[in-house]
$ cat work10.cif   # mmCIF, C-alpha atoms
data_final
#
loop_
_atom_site.label_atom_id
_atom_site.label_comp_id
_atom_site.auth_asym_id
_atom_site.auth_seq_id
_atom_site.Cartn_x
_atom_site.Cartn_y
_atom_site.Cartn_z
CA MET Q 1076 -44.50 122.75 -223.00
CA CYS Q 1077 -43.31 120.59 -220.21
CA HIS Q 1078 -43.11 117.49 -222.39
CA SER Q 1079 -41.09 119.12 -225.18
CA SER Q 1080 -38.74 120.79 -222.64
CA GLY Q 1081 -38.02 117.38 -221.10
CA ASN Q 1082 -37.09 115.89 -224.47
CA LEU Q 1083 -34.67 118.73 -225.13
CA ARG Q 1084 -32.93 118.15 -221.77
CA ASN Q 1085 -32.62 114.39 -222.45
CA ARG Q 1086 -31.13 115.02 -225.88
CA SER Q 1087 -28.63 117.50 -224.43
CA THR Q 1088 -27.55 114.97 -221.81
CA LEU Q 1089 -27.18 112.23 -224.43
CA LEU Q 1090 -25.02 114.47 -226.61
CA ARG Q 1091 -22.72 115.33 -223.70
CA CYS Q 1092 -22.31 111.64 -222.77
CA SER Q 1093 -21.59 110.70 -226.39
CA PHE Q 1094 -18.99 113.43 -226.67
CA ALA Q 1095 -17.26 112.31 -223.44
CA LEU Q 1096 -17.15 108.72 -224.68
CA LEU Q 1097 -15.53 109.84 -227.93
CA LEU Q 1098 -12.89 111.78 -226.00
CA SER Q 1099 -12.08 108.72 -223.86
CA LEU Q 1100 -11.73 106.50 -226.92
CA ALA Q 1101 -9.68 108.98 -228.91
CA PRO Q 1102 -6.26 107.91 -227.49
CA LEU Q 1103 -6.99 104.29 -228.46
CA SER Q 1104 -7.24 105.12 -232.14
CA GLY Q 1105 -4.89 106.60 -234.66
CA CYS Q 1106 -1.06 106.35 -234.60
CA GLN Q 1107 -0.44 106.45 -230.84
CA ASP Q 1108 2.60 104.49 -229.49
CA PRO Q 1109 1.74 101.16 -227.84
CA PRO Q 1110 2.00 101.01 -224.00
CA GLN Q 1111 5.41 100.03 -222.63
CA ILE Q 1112 6.43 97.99 -219.59
CA ILE Q 1113 9.22 99.60 -217.60
CA VAL Q 1114 11.32 97.33 -215.33
CA GLN Q 1115 13.31 98.94 -212.53
CA GLU Q 1116 15.81 97.26 -210.20
CA ARG Q 1117 16.00 98.37 -206.60
CA PRO Q 1118 18.35 97.14 -203.81
CA ARG Q 1119 16.89 94.52 -201.48
CA THR Q 1120 15.90 95.88 -198.07
CA GLU Q 1121 16.36 92.50 -196.28
CA PRO Q 1122 19.17 89.93 -196.62
CA ALA Q 1123 18.32 86.66 -198.33
CA ASN Q 1124 17.58 83.73 -196.04
CA GLU Q 1125 20.54 81.50 -195.30
CA PRO Q 1126 20.20 77.93 -196.59
CA PHE Q 1127 19.04 75.48 -193.93
CA ASP Q 1128 22.03 73.73 -192.35
CA VAL Q 1129 20.89 70.15 -191.88
CA VAL Q 1130 24.14 69.01 -190.26
CA SER Q 1131 24.11 71.77 -187.62
CA TRP Q 1132 20.46 71.09 -186.84
CA ARG Q 1133 21.07 67.37 -186.48
CA ASN Q 1134 24.10 67.94 -184.25
CA SER Q 1135 22.06 70.22 -181.98
CA ARG Q 1136 19.82 67.32 -180.98
CA ASP Q 1137 20.23 65.18 -177.86
CA HIS Q 1138 19.87 61.40 -177.88
CA ILE Q 1139 18.46 59.05 -175.27
CA MET Q 1140 19.40 55.39 -175.77
CA VAL Q 1141 17.79 52.85 -173.46
CA ALA Q 1142 17.92 49.06 -173.24
CA MET Q 1143 15.19 47.49 -171.11
CA ALA Q 1144 15.33 43.93 -169.79
CA VAL Q 1145 12.31 42.54 -167.89
CA ARG Q 1146 13.33 40.00 -165.26
CA GLY Q 1147 10.32 38.63 -163.42
CA GLU Q 1148 8.57 41.37 -161.46
CA PHE Q 1149 11.26 43.94 -162.21
CA ALA Q 1150 12.64 45.73 -165.25
CA TRP Q 1151 16.27 46.76 -165.58
CA PHE Q 1152 17.02 49.93 -167.53
CA PHE Q 1153 20.40 50.78 -169.05
CA LYS Q 1154 20.08 54.40 -170.15
CA LEU Q 1155 22.66 56.58 -171.89
CA THR Q 1156 22.14 60.20 -172.96
CA ALA Q 1157 24.56 61.69 -175.48
CA PRO Q 1158 24.89 64.57 -177.96
CA ALA Q 1159 24.09 63.87 -181.60
CA GLU Q 1160 27.57 64.76 -182.77
CA GLY Q 1161 29.56 61.53 -182.83
CA ILE Q 1162 26.50 59.48 -181.88
CA GLU Q 1163 27.47 56.65 -184.25
CA LYS Q 1164 30.61 55.90 -182.23
CA VAL Q 1165 28.75 56.22 -178.91
CA ARG Q 1166 26.01 53.87 -180.15
CA GLU Q 1167 28.62 51.32 -181.21
CA GLN Q 1168 30.32 51.49 -177.81
CA PHE Q 1169 26.99 51.18 -176.00
CA ASP Q 1170 26.02 48.12 -178.05
CA ALA Q 1171 29.38 46.50 -177.28
CA TRP Q 1172 28.91 47.24 -173.56
CA LEU Q 1173 25.37 45.79 -173.57
CA ALA Q 1174 26.73 42.60 -175.09
CA THR Q 1175 28.68 42.01 -171.83
CA VAL Q 1176 25.66 42.39 -169.53
CA GLU Q 1177 24.51 39.23 -167.72
CA PHE Q 1178 22.29 38.60 -164.71
CA GLU Q 1179 23.31 36.64 -161.63
CA ARG Q 1180 21.50 35.73 -158.46
CA ASP Q 1181 22.41 37.92 -155.47
CA GLU Q 1182 21.45 36.08 -152.30
CA GLN Q 1183 21.75 39.18 -150.10
CA GLN Q 1184 19.25 41.08 -152.25
CA GLU Q 1185 17.28 37.90 -153.01
CA ALA Q 1186 17.07 39.00 -156.62
CA GLU Q 1187 18.85 38.89 -159.94
CA VAL Q 1188 21.30 41.73 -160.49
CA PRO Q 1189 23.30 42.65 -163.59
CA ASP Q 1190 27.02 42.39 -164.08
CA TRP Q 1191 29.05 43.82 -166.99
CA GLU Q 1192 32.54 44.50 -168.29
CA ASN Q 1193 33.73 48.06 -168.83
CA PRO Q 1194 36.13 48.95 -171.65
CA GLN Q 1195 39.32 50.89 -170.98
CA GLY Q 1196 38.62 54.28 -169.40
CA TRP Q 1197 35.05 53.51 -168.26
CA PHE Q 1198 34.48 53.19 -164.51
CA ASN Q 1199 31.59 52.45 -162.17
CA THR Q 1200 30.30 54.83 -159.49
CA ARG Q 1201 27.62 54.48 -156.88
CA GLY Q 1202 24.14 55.33 -158.11
CA GLU Q 1203 22.06 58.19 -156.73
CA GLY Q 1204 18.32 58.77 -156.48
CA GLY Q 1205 17.36 55.11 -156.79
CA GLN Q 1206 19.99 54.22 -159.37
CA TYR Q 1207 21.72 50.87 -158.97
CA ALA Q 1208 24.94 52.23 -160.48
CA VAL Q 1209 26.31 54.83 -162.88
CA VAL Q 1210 29.02 54.09 -165.44
CA ARG Q 1211 31.17 57.12 -166.27
CA ILE Q 1212 32.32 57.37 -169.89
CA PRO Q 1213 35.19 59.70 -170.88
CA SER Q 1214 34.03 62.11 -173.57
CA ASP Q 1215 34.62 65.62 -174.86
CA PRO Q 1216 33.48 68.27 -173.93
CA ALA Q 1217 31.99 66.50 -170.89
CA PRO Q 1218 31.90 62.90 -169.61
CA LEU Q 1219 28.79 60.82 -170.36
CA SER Q 1220 26.81 58.91 -167.74
CA LEU Q 1221 25.28 55.48 -168.28
CA SER Q 1222 22.58 54.90 -165.69
CA VAL Q 1223 21.62 51.42 -164.43
CA MET Q 1224 18.26 51.28 -162.64
CA ARG Q 1225 15.73 48.68 -161.51
CA LEU Q 1226 11.99 49.45 -161.31
CA PRO Q 1227 8.98 47.23 -160.56
CA VAL Q 1228 6.73 46.25 -163.45
CA THR Q 1229 3.36 47.71 -162.38
CA THR Q 1230 1.12 46.83 -165.34
CA LYS Q 1231 1.04 44.60 -168.40
CA GLU Q 1232 4.34 44.68 -170.23
CA SER Q 1233 3.21 46.43 -173.44
CA ARG Q 1234 1.59 49.28 -171.52
CA TYR Q 1235 4.53 49.46 -169.12
CA VAL Q 1236 6.93 49.90 -172.05
CA THR Q 1237 4.80 52.72 -173.51
CA MET Q 1238 4.66 54.51 -170.14
CA ASN Q 1239 8.46 54.56 -169.91
CA VAL Q 1240 8.99 55.60 -173.53
CA ASN Q 1241 6.61 58.53 -173.01
CA ARG Q 1242 8.55 59.50 -169.90
CA TRP Q 1243 11.72 59.74 -171.99
CA LEU Q 1244 9.87 61.63 -174.72
CA ARG Q 1245 8.80 64.24 -172.15
CA GLN Q 1246 12.44 64.65 -171.15
CA LEU Q 1247 13.14 65.54 -174.79
CA GLY Q 1248 10.16 67.90 -175.05
CA LEU Q 1249 8.27 65.58 -177.43
CA ARG Q 1250 4.63 64.50 -177.53
CA PRO Q 1251 3.63 61.05 -176.18
CA PHE Q 1252 3.26 57.97 -178.39
CA GLU Q 1253 0.53 55.38 -178.62
CA ASP Q 1254 1.22 51.69 -178.02
CA ARG Q 1255 1.32 51.02 -181.78
CA GLN Q 1256 3.91 53.76 -182.38
CA VAL Q 1257 6.08 52.50 -179.52
CA GLU Q 1258 5.96 48.98 -180.94
CA GLU Q 1259 7.13 50.29 -184.32
CA LEU Q 1260 9.94 52.19 -182.63
CA GLN Q 1261 11.15 49.21 -180.59
CA GLN Q 1262 14.38 47.41 -181.53
CA LYS Q 1263 16.38 44.60 -179.94
CA ARG Q 1264 19.88 44.49 -178.52
CA SER Q 1265 21.87 41.42 -177.59
CA LEU Q 1266 23.00 40.88 -174.02
CA LYS Q 1267 25.57 38.29 -173.00
CA VAL Q 1268 22.60 35.98 -172.43
CA GLY Q 1269 19.29 36.88 -174.06
CA THR Q 1270 18.10 40.20 -175.49
CA ALA Q 1271 16.71 43.53 -174.33
CA LYS Q 1272 14.19 45.95 -175.79
CA TYR Q 1273 16.01 48.96 -177.21
CA PHE Q 1274 14.82 52.51 -177.91
CA GLU Q 1275 16.66 55.50 -179.30
CA LEU Q 1276 14.97 58.90 -179.17
CA SER Q 1277 16.24 62.32 -180.23
CA GLY Q 1278 15.07 65.81 -179.34
CA ARG Q 1279 16.15 68.60 -177.03
CA LEU Q 1280 16.63 67.66 -173.39
CA GLN Q 1281 14.58 70.00 -171.21
CA LYS Q 1282 17.26 70.00 -168.53
CA PRO Q 1283 20.50 71.21 -170.20
CA PRO Q 1284 22.91 68.26 -170.33
CA ALA Q 1285 26.51 68.47 -169.18
CA TRP Q 1286 27.98 68.56 -172.69
CA ARG Q 1287 25.84 71.56 -173.71
CA VAL Q 1288 26.78 73.46 -170.56
CA ALA Q 1289 30.46 72.58 -171.03
CA ALA Q 1290 30.43 73.70 -174.66
CA SER Q 1291 28.89 77.09 -173.85
CA ARG Q 1292 30.71 78.05 -170.68
CA SER Q 1293 33.72 80.31 -170.49
CA ARG Q 1294 37.10 79.22 -169.20
CA THR Q 1295 36.32 80.81 -165.83
CA MET Q 1296 34.22 78.48 -163.69
CA GLN Q 1297 32.44 79.21 -160.45
CA SER Q 1298 30.09 77.82 -157.83
CA LYS Q 1299 28.59 79.31 -154.67
CA GLU Q 1300 31.92 78.94 -152.88
CA ILE Q 1301 34.73 79.13 -155.40
CA ARG Q 1302 35.86 80.58 -158.72
CA PHE Q 1303 38.76 79.35 -160.87
CA ASP Q 1304 40.09 79.05 -164.42
CA MET Q 1305 39.68 75.63 -166.03
CA PRO Q 1306 43.10 74.42 -167.26
CA ASP Q 1307 43.21 73.64 -170.96
CA GLY Q 1308 42.74 69.96 -171.69
CA TRP Q 1309 41.06 69.22 -168.35
CA GLU Q 1310 37.43 68.28 -167.72
CA ALA Q 1311 35.04 67.70 -164.83
CA GLY Q 1312 35.78 64.51 -162.90
CA ARG Q 1313 34.06 62.24 -160.43
CA MET Q 1314 32.40 64.00 -157.50
CA ASN Q 1315 31.29 62.82 -154.07
CA ALA Q 1316 30.01 64.35 -150.83
CA MET Q 1317 33.51 65.33 -149.62
CA ARG Q 1318 34.80 66.97 -152.79
CA LYS Q 1319 34.42 70.64 -153.60
CA LEU Q 1320 35.89 70.12 -157.06
CA SER Q 1321 37.27 67.33 -159.22
CA LEU Q 1322 39.11 67.73 -162.54
CA VAL Q 1323 40.71 65.03 -164.68
CA LYS Q 1324 43.17 65.05 -167.56
CA LYS Q 1325 43.47 61.99 -169.78
CA SER Q 1326 46.77 60.91 -171.21
CA ALA Q 1327 47.22 61.81 -174.87
CA ASP Q 1328 49.81 59.06 -175.39
CA GLU Q 1329 48.30 55.94 -173.85
CA GLU Q 1330 44.60 55.13 -173.89
CA ASP Q 1331 44.88 52.82 -170.88
CA ALA Q 1332 46.88 55.28 -168.75
CA LEU Q 1333 45.35 56.37 -165.47
CA PRO Q 1334 44.01 59.92 -165.54
CA THR Q 1335 45.77 62.74 -163.75
CA ALA Q 1336 43.45 64.43 -161.24
CA ILE Q 1337 43.07 67.71 -159.40
CA VAL Q 1338 40.87 67.32 -156.33
CA VAL Q 1339 39.77 70.06 -153.91
CA THR Q 1340 38.39 69.06 -150.50
CA ALA Q 1341 37.62 70.83 -147.22
CA PHE Q 1342 37.48 69.43 -143.66
CA PRO Q 1343 37.23 70.94 -140.18
CA ALA Q 1344 40.66 72.30 -139.21
CA SER Q 1345 41.01 70.10 -136.14
CA GLY Q 1346 43.07 67.07 -135.17
CA MET Q 1347 45.19 65.56 -137.93
CA MET Q 1348 43.47 67.59 -140.64
CA GLY Q 1349 44.97 70.76 -139.18
CA ASP Q 1350 48.40 69.19 -138.66
CA THR Q 1351 50.85 69.99 -141.47
CA LEU Q 1352 53.11 67.02 -140.78
CA ALA Q 1353 50.21 64.55 -140.65
CA ASN Q 1354 48.96 65.73 -144.04
CA VAL Q 1355 52.40 65.62 -145.65
CA LYS Q 1356 52.99 62.10 -144.30
CA ARG Q 1357 49.67 60.95 -145.76
CA TRP Q 1358 50.51 62.30 -149.21
CA ALA Q 1359 54.07 60.94 -149.00
CA GLY Q 1360 52.62 57.48 -148.46
CA GLU Q 1361 50.53 57.85 -151.62
CA ALA Q 1362 53.66 58.81 -153.57
CA GLY Q 1363 55.79 56.03 -152.10
CA ILE Q 1364 58.18 58.45 -150.40
CA ARG Q 1365 59.72 57.31 -147.12
CA GLU Q 1366 61.49 60.07 -145.23
CA ASP Q 1367 61.72 60.99 -141.56
CA ASP Q 1368 59.43 63.65 -140.14
CA GLU Q 1369 62.09 66.38 -140.24
CA GLN Q 1370 62.79 65.83 -143.94
CA LEU Q 1371 59.08 65.74 -144.79
CA LEU Q 1372 58.44 69.04 -143.01
CA LYS Q 1373 61.21 70.66 -145.05
CA LEU Q 1374 59.28 69.80 -148.21
CA ALA Q 1375 56.42 72.13 -147.20
CA THR Q 1376 56.94 75.70 -148.46
CA ASP Q 1377 54.83 78.84 -148.07
CA ARG Q 1378 52.18 79.45 -150.76
CA THR Q 1379 49.34 81.95 -151.11
CA ILE Q 1380 46.01 80.56 -152.37
CA GLY Q 1381 42.90 82.67 -152.83
CA GLY Q 1382 44.53 85.56 -150.95
CA LEU Q 1383 45.29 83.39 -147.89
CA ASP Q 1384 48.62 82.10 -146.61
CA GLY Q 1385 49.06 78.38 -146.96
CA GLN Q 1386 51.61 75.68 -147.69
CA TYR Q 1387 52.71 73.81 -150.79
CA VAL Q 1388 54.42 70.43 -150.91
CA ARG Q 1389 55.90 68.54 -153.84
CA LEU Q 1390 56.07 64.76 -153.35
CA VAL Q 1391 57.69 63.36 -156.49
CA ALA Q 1392 60.09 60.49 -155.96
CA GLU Q 1393 63.42 60.48 -157.72
CA GLN Q 1394 63.40 58.42 -160.91
CA PRO Q 1395 65.38 55.18 -160.32
CA ASP Q 1396 68.17 54.21 -162.69
CA GLU Q 1397 66.39 51.78 -164.97
CA GLU Q 1398 69.60 50.53 -166.55
CA ALA Q 1399 70.85 49.51 -163.14
CA SER Q 1400 67.62 47.68 -162.37
CA GLU Q 1401 67.86 43.98 -163.10
CA ALA Q 1402 64.20 43.13 -162.54
CA GLU Q 1403 61.77 43.89 -165.36
CA GLY Q 1404 58.99 44.30 -162.81
CA GLU Q 1405 60.86 47.06 -161.03
CA THR Q 1406 61.33 48.99 -164.26
CA GLU Q 1407 57.63 48.77 -165.08
CA GLN Q 1408 56.73 49.77 -161.53
CA SER Q 1409 58.85 52.91 -161.80
CA LYS Q 1410 56.87 53.96 -164.87
CA ASN Q 1411 53.56 53.64 -163.02
CA GLN Q 1412 54.74 55.21 -159.77
CA ASN Q 1413 52.39 57.81 -158.36
CA ALA Q 1414 53.30 61.36 -157.45
CA VAL Q 1415 51.48 64.03 -155.44
CA ILE Q 1416 51.74 67.81 -155.48
CA ALA Q 1417 49.47 69.38 -152.88
CA ALA Q 1418 48.64 72.64 -151.17
CA MET Q 1419 46.59 73.54 -148.13
CA VAL Q 1420 45.14 76.68 -146.61
CA GLN Q 1421 42.94 77.37 -143.59
CA ARG Q 1422 39.76 79.43 -143.99
CA ARG Q 1423 36.89 80.00 -141.58
CA GLY Q 1424 37.63 76.98 -139.43
CA GLN Q 1425 38.21 74.62 -142.37
CA MET Q 1426 41.32 73.22 -144.01
CA TRP Q 1427 41.12 73.37 -147.77
CA PHE Q 1428 43.26 70.83 -149.63
CA PHE Q 1429 44.32 71.09 -153.28
CA LYS Q 1430 45.89 67.91 -154.63
CA LEU Q 1431 47.36 67.01 -158.02
CA ASN Q 1432 48.03 63.29 -158.25
CA GLY Q 1433 48.53 60.59 -160.85
CA PRO Q 1434 51.37 58.77 -162.62
CA ARG Q 1435 54.73 60.34 -161.86
CA GLN Q 1436 55.56 61.74 -165.29
CA ALA Q 1437 51.99 62.94 -165.89
CA VAL Q 1438 52.09 64.90 -162.62
CA ILE Q 1439 55.43 66.46 -163.56
CA ASP Q 1440 54.03 67.46 -166.97
CA SER Q 1441 50.90 68.95 -165.33
CA GLU Q 1442 52.63 70.91 -162.57
CA ALA Q 1443 52.58 74.22 -164.47
CA GLU Q 1444 48.83 73.81 -165.15
CA PHE Q 1445 48.29 73.09 -161.44
CA GLU Q 1446 50.21 76.26 -160.56
CA ASP Q 1447 48.02 78.28 -162.96
CA PHE Q 1448 44.93 76.73 -161.40
CA LEU Q 1449 46.06 77.70 -157.88
CA ASN Q 1450 46.90 81.23 -159.04
CA SER Q 1451 43.40 81.65 -160.49
CA PHE Q 1452 41.59 80.17 -157.49
CA GLU Q 1453 39.33 82.51 -155.50
CA PHE Q 1454 37.02 82.06 -152.53
CA ARG Q 1455 33.63 83.68 -153.02
CA GLU Q 1456 32.18 85.70 -150.16
CA SER Q 1457 28.57 84.69 -150.96
CA GLU Q 1458 28.95 81.11 -149.76
#
$ encode --input "work10.cif" --output "structure tokens"
Amino acid sequence: MCHSSGNLRNRSTLLRCSFALLLSLAPLSGCQDPPQIIVQERPRTEPANEPFDVVSWRNSRDHIMVAMAVRGEFAWFFKLTAPAEGIEKVREQFDAWLATVEFERDEQQEAEVPDWENPQGWFNTRGEGGQYAVVRIPSDPAPLSLSVMRLPVTTKESRYVTMNVNRWLRQLGLRPFEDRQVEELQQKRSLKVGTAKYFELSGRLQKPPAWRVAASRSRTMQSKEIRFDMPDGWEAGRMNAMRKLSLVKKSADEEDALPTAIVVTAFPASGMMGDTLANVKRWAGEAGIREDDEQLLKLATDRTIGGLDGQYVRLVAEQPDEEASEAEGETEQSKNQNAVIAAMVQRRGQMWFFKLNGPRQAVIDSEAEFEDFLNSFEFRESE
């Protein structure tokens, strides 16, 4: 009984499975329509990626160009940092400058020191932090600085070169190189006598350079002590320990023309610094104006600067009659004559001086910009 009952159950199960299989296969047979592929278009949820801008990326890089000349126990470095935009012109100027470099014996220092010739507009300043000198190069949006430095050679030359290259690579946020890679990177540049090892590296300077800061800042400038609006067409100028601010404006007409400058200084309001007549006489001498004390004092008028009462003086000599001048030298001298427009105000025991000076006509043309600068000038309370 049990055996036959089991066979019946197995046959029943087999029949059910066979029937289910037939049902599943039924749609695949006969005159059924073939399956169709339906394509639907839907709006994109994210914007397409912009194409990579190679030019913008390249122009966002910073360049370090260095020429290295080993002279006995010392190495001289001529280092110029610059933005990538316009680097071809800067490189050409740097190469031309290097071609003027020569070394001469300095008996006072008992060592060889470099000498060079600057093109029009370039000027030397005293070095800081161990630098021998710094050459200032006019550029937009900020001047460039060419550093001249001497360091002792502390190891064999090939290793010494690699150490310095890796130091510059770190400044650009790049990984260090091996000796072999540095050797492949090395080029040569001609000096007036001999050659120098030359390296050019590009990356992103870890300390924001002046041109990047200048390009991103607003027209309103400020420091811990002062706030002012930068006049259009002006740029940061040469600074020293006595200056609170220095701005320069290059002539658009003549490349070799002297720059017009706005300089702000502050000194203790005592002695001659606090004497109006003494200050006016000093500026009159710079402008070539010779008047008696009474006439000079009349030139000083009242002027408010930064909310404080001060004085304003305009020292611009009258233009001589060039047609009446018989000497060619006198006519040329009149064109290059200096002029000074200055203001002064006393604040917290100090005399603050604001001076616009330069070639006569350039000062006249810049007077309105100087007035706007003075009107925007503020003293900050958090000094």
$ resolve_selection --input "work10.cif" --expression "the PyMOL selection byres ((chain Q and resi 1197-1205) around 12)" --output "PyMOL selection string"
chain Q and resi 1152+1168-1169+1172+1190-1196+1206-1214+1218-1226+1312-1316+1330-1334
$ write_last_selection --input "work10.cif" --atoms "C-alpha atoms" --output "short mmCIF file (atom, residue, chain, number, x, y, z; two decimals), in the coordinates of the input"
data_model
loop_
_atom_site.label_atom_id
_atom_site.label_comp_id
_atom_site.auth_asym_id
_atom_site.auth_seq_id
_atom_site.Cartn_x
_atom_site.Cartn_y
_atom_site.Cartn_z
CA PHE Q 1152 17.02 49.93 -167.53
CA GLN Q 1168 30.32 51.49 -177.81
CA PHE Q 1169 26.99 51.18 -176.00
CA TRP Q 1172 28.91 47.24 -173.56
CA ASP Q 1190 27.02 42.39 -164.08
CA TRP Q 1191 29.05 43.82 -166.99
CA GLU Q 1192 32.54 44.50 -168.29
CA ASN Q 1193 33.73 48.06 -168.83
CA PRO Q 1194 36.13 48.95 -171.65
CA GLN Q 1195 39.32 50.89 -170.98
CA GLY Q 1196 38.62 54.28 -169.40
CA GLN Q 1206 19.99 54.22 -159.37
CA TYR Q 1207 21.72 50.87 -158.97
CA ALA Q 1208 24.94 52.23 -160.48
CA VAL Q 1209 26.31 54.83 -162.88
CA VAL Q 1210 29.02 54.09 -165.44
CA ARG Q 1211 31.17 57.12 -166.27
CA ILE Q 1212 32.32 57.37 -169.89
CA PRO Q 1213 35.19 59.70 -170.88
CA SER Q 1214 34.03 62.11 -173.57
CA PRO Q 1218 31.90 62.90 -169.61
CA LEU Q 1219 28.79 60.82 -170.36
CA SER Q 1220 26.81 58.91 -167.74
CA LEU Q 1221 25.28 55.48 -168.28
CA SER Q 1222 22.58 54.90 -165.69
CA VAL Q 1223 21.62 51.42 -164.43
CA MET Q 1224 18.26 51.28 -162.64
CA ARG Q 1225 15.73 48.68 -161.51
CA LEU Q 1226 11.99 49.45 -161.31
CA GLY Q 1312 35.78 64.51 -162.90
CA ARG Q 1313 34.06 62.24 -160.43
CA MET Q 1314 32.40 64.00 -157.50
CA ASN Q 1315 31.29 62.82 -154.07
CA ALA Q 1316 30.01 64.35 -150.83
CA GLU Q 1330 44.60 55.13 -173.89
CA ASP Q 1331 44.88 52.82 -170.88
CA ALA Q 1332 46.88 55.28 -168.75
CA LEU Q 1333 45.35 56.37 -165.47
CA PRO Q 1334 44.01 59.92 -165.54
#
$ residues_around --input "work10.cif" --residues "Met1140 of chain Q" --least-positions-apart "3" --cutoff "8 Å" --atoms "only C-alpha atoms" --output "count of residues only"
7
$ resolve_selection --input "work10.cif" --expression "the PyMOL selection byres ((chain Q and resi 1281) around 8)" --output "ChimeraX atom specification"
/Q:1246-1248,1279-1280,1282-1283
$ closest_residue --input "work10.cif" --among "Q:Phe1454, Q:Trp1286, Q:Trp1309, Q:Phe1429" --to "Val1339 of chain Q" --atoms "all atoms listed in the file"
Q:Phe1429
$ resolve_selection --input "work10.cif" --expression "the PyMOL selection byres ((chain Q and resi 1418-1422) around 9)" --output "PDB file with C-alpha atoms, keeping the file's coordinate frame"
ATOM      1  CA  ALA Q1344      40.660  72.300-139.210  1.00  0.00           C
ATOM      2  CA  GLY Q1349      44.970  70.760-139.180  1.00  0.00           C
ATOM      3  CA  THR Q1351      50.850  69.990-141.470  1.00  0.00           C
ATOM      4  CA  ALA Q1375      56.420  72.130-147.200  1.00  0.00           C
ATOM      5  CA  ARG Q1378      52.180  79.450-150.760  1.00  0.00           C
ATOM      6  CA  THR Q1379      49.340  81.950-151.110  1.00  0.00           C
ATOM      7  CA  ILE Q1380      46.010  80.560-152.370  1.00  0.00           C
ATOM      8  CA  GLY Q1381      42.900  82.670-152.830  1.00  0.00           C
ATOM      9  CA  LEU Q1383      45.290  83.390-147.890  1.00  0.00           C
ATOM     10  CA  ASP Q1384      48.620  82.100-146.610  1.00  0.00           C
ATOM     11  CA  GLY Q1385      49.060  78.380-146.960  1.00  0.00           C
ATOM     12  CA  GLN Q1386      51.610  75.680-147.690  1.00  0.00           C
ATOM     13  CA  TYR Q1387      52.710  73.810-150.790  1.00  0.00           C
ATOM     14  CA  VAL Q1388      54.420  70.430-150.910  1.00  0.00           C
ATOM     15  CA  ARG Q1389      55.900  68.540-153.840  1.00  0.00           C
ATOM     16  CA  ILE Q1416      51.740  67.810-155.480  1.00  0.00           C
ATOM     17  CA  ALA Q1417      49.470  69.380-152.880  1.00  0.00           C
ATOM     18  CA  ARG Q1423      36.890  80.000-141.580  1.00  0.00           C
ATOM     19  CA  GLY Q1424      37.630  76.980-139.430  1.00  0.00           C
ATOM     20  CA  GLN Q1425      38.210  74.620-142.370  1.00  0.00           C
ATOM     21  CA  MET Q1426      41.320  73.220-144.010  1.00  0.00           C
ATOM     22  CA  TRP Q1427      41.120  73.370-147.770  1.00  0.00           C
ATOM     23  CA  PHE Q1428      43.260  70.830-149.630  1.00  0.00           C
ATOM     24  CA  PHE Q1429      44.320  71.090-153.280  1.00  0.00           C
ATOM     25  CA  LYS Q1430      45.890  67.910-154.630  1.00  0.00           C
ATOM     26  CA  LEU Q1431      47.360  67.010-158.020  1.00  0.00           C
ATOM     27  CA  LEU Q1449      46.060  77.700-157.880  1.00  0.00           C
TER      28      LEU Q1449
END
